[in-house]
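To start, the structure under review is shown below, and the notes come after it.
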Amino acid sequence: MSAKNAMSLMAAMSGTVRKIRRWEKARIITAEQRDAILAYEKEYRGKRLARGLIGLALFAIGLGILSIVAANWMHIPGGVKIGAHSILNAAAATAMWKAAAKDNKWWREGASFIFFALNLTLIVLIGQVFQLSGNWACALSLWLAISSPALFIYGHTIMNAGPWMIALIATIFFVLTDIIDNVGELNSFLIGLAATLFIPLGFLAAGGSEKLAAVRPHWTAAAFRMGIILLIVMATGASFYWYADLSNELRDLLGGSGYVYMLLICAAAIGSVYGYDLLRRRKNGDGHDQTGVLFVIGSLASSIIPLVLMPDSISFMAAVHFIAYWVLVGYAGYRIGWDQLVSHAITLITLRIIAVYVELFGGLLLTGFGLIGGGVLLLVTVRAARWVQRSIKQVSYEGGEDAI
Amino acid sequence: MPSKIVKLAALILPFAVLGVMTGHNIMQRHGTDPAWQVKIAAYDPRDLLYGHYLRYRYEWNYREFATPAVTSRCLLLSPSGMDHKDPYVQTVDCDSAASGGNSVIEMPNPENRYLIPEEKAEDLDRLFRGSDHTFRVELVAHGDRSISTRNLYVDDTPLEEFLRNWTPDEEMVR
């Protein structure tokens, strides 16, 4: 088989092509439509590759400048270093201005990203030259405060929205770490819990903002994705609490009123989701899909269950928690048509079942029971999910409206 | 769409803020505020180098060892007879006014760091561990009780000058 044929075969095996061929076989689309879709996909993927490579190249340049600054090359006087760096910043700013004036999208995006990165490295350089004793929380807060307006105005796409969101999360992390260091253990725990629960919700709210979407659709999409990712990471991570013996540690920390404060924070997080949904329903009517709310509340619940129950170490529950949560993620992905999420859910559940197999290796008997238990749990969950789905459909049809 | 002025202002903002920050630091560094050279020692003998920072603590030349009052959050630095080197130090209330050639500064962090050039970092680290050299930092005491670090001295020689005339090999032979 020639290399060209092998490549064609690989391409033919790719998900999109297979899906389109299946649609053609099922006579959902015609041969002409198939060709048109494939031609479009080919062009889109080519652009995506180019964009990805450009993004990587710019990231490497930014990292390179940061490394040179960090090296603190002693042969160049501080003033010259700051001056030269400022000229680089000015060049990036000029490129942004000119590209925006000429409506040159990729130059504008690239220059915006570089300008954003250069502002950070200049702050670091000033700190080094003057031996300033500030910490990362100060540097990152200043960076975001002075760079965000330009980035929001000039950077329209994910190339800038994505790094900005990551920078925001890093800044929040360092600022919170700074605060937490000085407020005592209980307050640290409560602040950390509130931040963990509310930050993803903040991203989701920004992602759902229609006003923001009207001016910067890629920013809202990035915020939405970031919110989902944070929720999933948080809810999945919580399943590992079951391995730890939280009972004594948490009881000591929370005491009497601490536990109540913790419950109030959890209730406030879930209540805010419910309240947000209520407001949306009032505005848009009752017809919209509730999957999103189910997913968010499920994720929050998954994140807080081990904290609320304060269990002794029950390692088996870690697997149950993990699998149950990822069934919810897969279900949500299926309902909103996010195929990648469904694939990830299936893969992770499979891996987790294999992990259970490894964990339970006390003997083949236990392993066998563990695997059967995992399989039965999956079947029951799928069955339950189908039942729930059918019930919802029925209710929706009875209401004269297909909500799905 | 934002107006041209807003677009321009967004681009100028980082330059303005960082320019002011740089200017402020240049003024502080070259201003007339008194500067003191304070002896330093390794903060943690096992881990002196953090990135390319030397981590150190001050070796204050305390004049009295009386337990400071709870409200004492500041240090009074006064000349010890060696010009502004190794000043005498007393804990005082922050309301105390600095008089004559003295300075009152807020209690500095116990752990501090000084950025050193990458290519000399390990040699300097070795030097700092040894006891053959005296390391001092030059602190500028500002009117608002804050301090900034102006320079690092090795045996009374500014670091850059010391590094220009120093070859690590000689040190290792000794």
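FYI, nothing fancy with the structure tokens labels: chains A, B, ... in order, residues from 1 per chain, ligands from 1 as they appear.
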
Practice item. Please return, as a count of residues only, all residues of chain B lying within 6 Å of chain A when only C-alpha atoms are considered. Key: 5

Point to revise | Spatial neighbours of range 148-159 of chain B, 10 Å, only C-alpha atoms, chain gap at least 3 places, as number ranges by chain | key: A: 129-133; B: 25, 28-30, 35-40, 85, 113-116, 124, 127-128, 132-142, 162-164

May I have the selected residues written with C-alpha atoms, as an mmCIF file, in the first residue's frame?
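After the write, again.cif holds the following:
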```
data_model
loop_
_atom_site.group_PDB
_atom_site.id
_atom_site.type_symbol
_atom_site.label_atom_id
_atom_site.label_comp_id
_atom_site.auth_asym_id
_atom_site.auth_seq_id
_atom_site.Cartn_x
_atom_site.Cartn_y
_atom_site.Cartn_z
ATOM 1 C CA VAL A 129 15.999 45.383 38.146
ATOM 2 C CA PHE A 130 14.766 47.164 41.277
ATOM 3 C CA GLN A 131 14.902 44.018 43.464
ATOM 4 C CA LEU A 132 11.224 44.462 44.391
ATOM 5 C CA SER A 133 9.985 42.057 46.999
ATOM 6 C CA ASN B 25 11.561 53.154 41.648
ATOM 7 C CA GLN B 28 13.505 55.985 45.236
ATOM 8 C CA ARG B 29 16.817 54.460 44.226
ATOM 9 C CA HIS B 30 18.520 57.727 43.376
ATOM 10 C CA ALA B 35 20.759 54.100 52.821
ATOM 11 C CA TRP B 36 22.081 51.495 55.286
ATOM 12 C CA GLN B 37 24.273 48.482 54.686
ATOM 13 C CA VAL B 38 23.029 45.549 56.722
ATOM 14 C CA LYS B 39 24.886 42.273 57.168
ATOM 15 C CA ILE B 40 23.017 39.215 55.892
ATOM 16 C CA LYS B 85 27.295 50.210 57.720
ATOM 17 C CA ARG B 113 15.715 37.283 48.406
ATOM 18 C CA TYR B 114 18.061 38.939 45.974
ATOM 19 C CA LEU B 115 18.090 38.157 42.275
ATOM 20 C CA ILE B 116 21.514 37.219 41.000
ATOM 21 C CA LEU B 124 27.773 32.877 44.376
ATOM 22 C CA LEU B 127 30.548 31.725 48.164
ATOM 23 C CA PHE B 128 27.574 32.621 50.338
ATOM 24 C CA ASP B 132 35.323 33.892 54.026
ATOM 25 C CA HIS B 133 33.232 36.758 52.723
ATOM 26 C CA THR B 134 30.871 39.246 54.276
ATOM 27 C CA PHE B 135 27.617 39.844 52.443
ATOM 28 C CA ARG B 136 25.581 43.012 53.025
ATOM 29 C CA VAL B 137 22.506 44.439 51.380
ATOM 30 C CA GLU B 138 22.034 48.147 50.982
ATOM 31 C CA LEU B 139 18.599 49.198 52.207
ATOM 32 C CA VAL B 140 17.089 52.553 51.420
ATOM 33 C CA ALA B 141 14.790 53.743 54.221
ATOM 34 C CA HIS B 142 11.940 55.819 52.853
ATOM 35 C CA PHE B 162 32.929 42.072 42.590
ATOM 36 C CA LEU B 163 31.806 39.629 39.921
ATOM 37 C CA ARG B 164 33.791 41.441 37.226
#
```

Write out as a PDB file with C-alpha atoms, in the first residue's frame which residues come within 9 Å of Ser303 in chain A when counting only C-alpha atoms, dropping same-chain ones fewer than 4 positions away.
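Final output, part_29.pdb:
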```pdb
ATOM      1  CA  LEU A 197     -17.685  26.411  44.180  1.00  0.00           C
ATOM      2  CA  LEU A 231     -16.664  21.981  37.468  1.00  0.00           C
ATOM      3  CA  MET A 234     -13.567  19.793  40.946  1.00  0.00           C
ATOM      4  CA  ALA A 235     -16.343  17.194  41.001  1.00  0.00           C
ATOM      5  CA  THR A 236     -14.046  14.418  39.792  1.00  0.00           C
ATOM      6  CA  GLY A 237     -11.310  15.388  42.251  1.00  0.00           C
ATOM      7  CA  ALA A 238     -13.824  15.213  45.105  1.00  0.00           C
ATOM      8  CA  SER A 239     -14.323  11.500  44.455  1.00  0.00           C
ATOM      9  CA  GLY A 298     -24.898  17.466  39.944  1.00  0.00           C
ATOM     10  CA  SER A 299     -21.291  18.651  39.694  1.00  0.00           C
ATOM     11  CA  LEU A 307     -17.227  17.103  52.787  1.00  0.00           C
TER      12      LEU A 307
END
```

Exercise for review: Within 10 Å of Arg251 in chain A, counting only C-alpha atoms, which residues show up once you throw out same-chain ones fewer than 6 positions away? Write them as a list in words, please.
Suggested key: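 The contact residues come out as Gly258, Tyr259 and Met310 of chain A.
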
All residues 10 Å or closer to Asp86 in chain B, only C-alpha atoms, same chain fewer than 2 positions away omitted, as an mmCIF file with N, CA and C atoms, in the first residue's frame:
```
data_model
loop_
_atom_site.group_PDB
_atom_site.id
_atom_site.type_symbol
_atom_site.label_atom_id
_atom_site.label_comp_id
_atom_site.auth_asym_id
_atom_site.auth_seq_id
_atom_site.Cartn_x
_atom_site.Cartn_y
_atom_site.Cartn_z
ATOM 1 N N TRP B 36 21.338 52.217 54.231
ATOM 2 C CA TRP B 36 22.081 51.495 55.286
ATOM 3 C C TRP B 36 22.558 50.167 54.720
ATOM 4 N N GLN B 37 23.786 49.807 55.096
ATOM 5 C CA GLN B 37 24.273 48.482 54.686
ATOM 6 C C GLN B 37 24.130 47.521 55.855
ATOM 7 N N VAL B 38 23.340 46.481 55.641
ATOM 8 C CA VAL B 38 23.029 45.549 56.722
ATOM 9 C C VAL B 38 23.605 44.174 56.389
ATOM 10 N N LYS B 39 24.281 43.586 57.373
ATOM 11 C CA LYS B 39 24.886 42.273 57.168
ATOM 12 C C LYS B 39 23.787 41.227 56.982
ATOM 13 N N ILE B 40 24.031 40.263 56.105
ATOM 14 C CA ILE B 40 23.017 39.215 55.892
ATOM 15 C C ILE B 40 23.653 37.842 56.034
ATOM 16 N N GLU B 59 21.102 40.167 59.601
ATOM 17 C CA GLU B 59 21.794 39.987 60.888
ATOM 18 C C GLU B 59 21.862 41.360 61.537
ATOM 19 N N TRP B 60 20.787 41.733 62.205
ATOM 20 C CA TRP B 60 20.693 43.078 62.774
ATOM 21 C C TRP B 60 21.701 43.270 63.907
ATOM 22 N N ASN B 61 22.226 44.427 63.975
ATOM 23 C CA ASN B 61 23.181 44.778 65.013
ATOM 24 C C ASN B 61 22.397 45.377 66.188
ATOM 25 N N TYR B 62 21.720 44.468 66.945
ATOM 26 C CA TYR B 62 20.819 44.957 67.996
ATOM 27 C C TYR B 62 21.587 45.668 69.106
ATOM 28 N N LEU B 77 16.970 52.566 63.093
ATOM 29 C CA LEU B 77 18.351 52.343 62.667
ATOM 30 C C LEU B 77 19.154 53.610 62.966
ATOM 31 N N SER B 78 20.295 53.444 63.612
ATOM 32 C CA SER B 78 21.137 54.612 63.894
ATOM 33 C C SER B 78 22.595 54.256 63.605
ATOM 34 N N PRO B 79 23.399 55.247 63.219
ATOM 35 C CA PRO B 79 24.785 54.970 62.837
ATOM 36 C C PRO B 79 25.559 54.288 63.967
ATOM 37 N N SER B 80 26.386 53.331 63.602
ATOM 38 C CA SER B 80 27.127 52.577 64.620
ATOM 39 C C SER B 80 28.583 53.006 64.689
ATOM 40 N N GLY B 81 28.903 54.072 64.004
ATOM 41 C CA GLY B 81 30.287 54.522 64.000
ATOM 42 C C GLY B 81 31.021 54.103 62.735
ATOM 43 N N MET B 82 30.408 53.227 61.928
ATOM 44 C CA MET B 82 31.023 52.830 60.649
ATOM 45 C C MET B 82 30.213 53.440 59.504
ATOM 46 N N ASP B 83 29.974 54.736 59.630
ATOM 47 C CA ASP B 83 29.127 55.429 58.662
ATOM 48 C C ASP B 83 27.742 54.774 58.662
ATOM 49 N N HIS B 84 27.252 54.337 57.524
ATOM 50 C CA HIS B 84 25.922 53.736 57.492
ATOM 51 C C HIS B 84 25.990 52.216 57.394
ATOM 52 N N TYR B 88 23.167 50.394 64.310
ATOM 53 C CA TYR B 88 22.536 49.902 65.535
ATOM 54 C C TYR B 88 21.034 49.820 65.290
ATOM 55 N N VAL B 89 20.429 48.817 65.920
ATOM 56 C CA VAL B 89 18.990 48.614 65.696
ATOM 57 C C VAL B 89 18.272 48.516 67.031
ATOM 58 N N ARG B 136 26.482 41.995 52.469
ATOM 59 C CA ARG B 136 25.581 43.012 53.025
ATOM 60 C C ARG B 136 24.613 43.455 51.934
#
```

Exercise for review: Report as a PyMOL selection string: the residues of chain B with a DSSP assignment of strand (DSSP E or B), based on the backbone of this structure.
Suggested key: chain B and resi 35-42+49-50+53-58+61-62+72-78+85+88-93+103-106+112-115+135-141+147-154+157-158
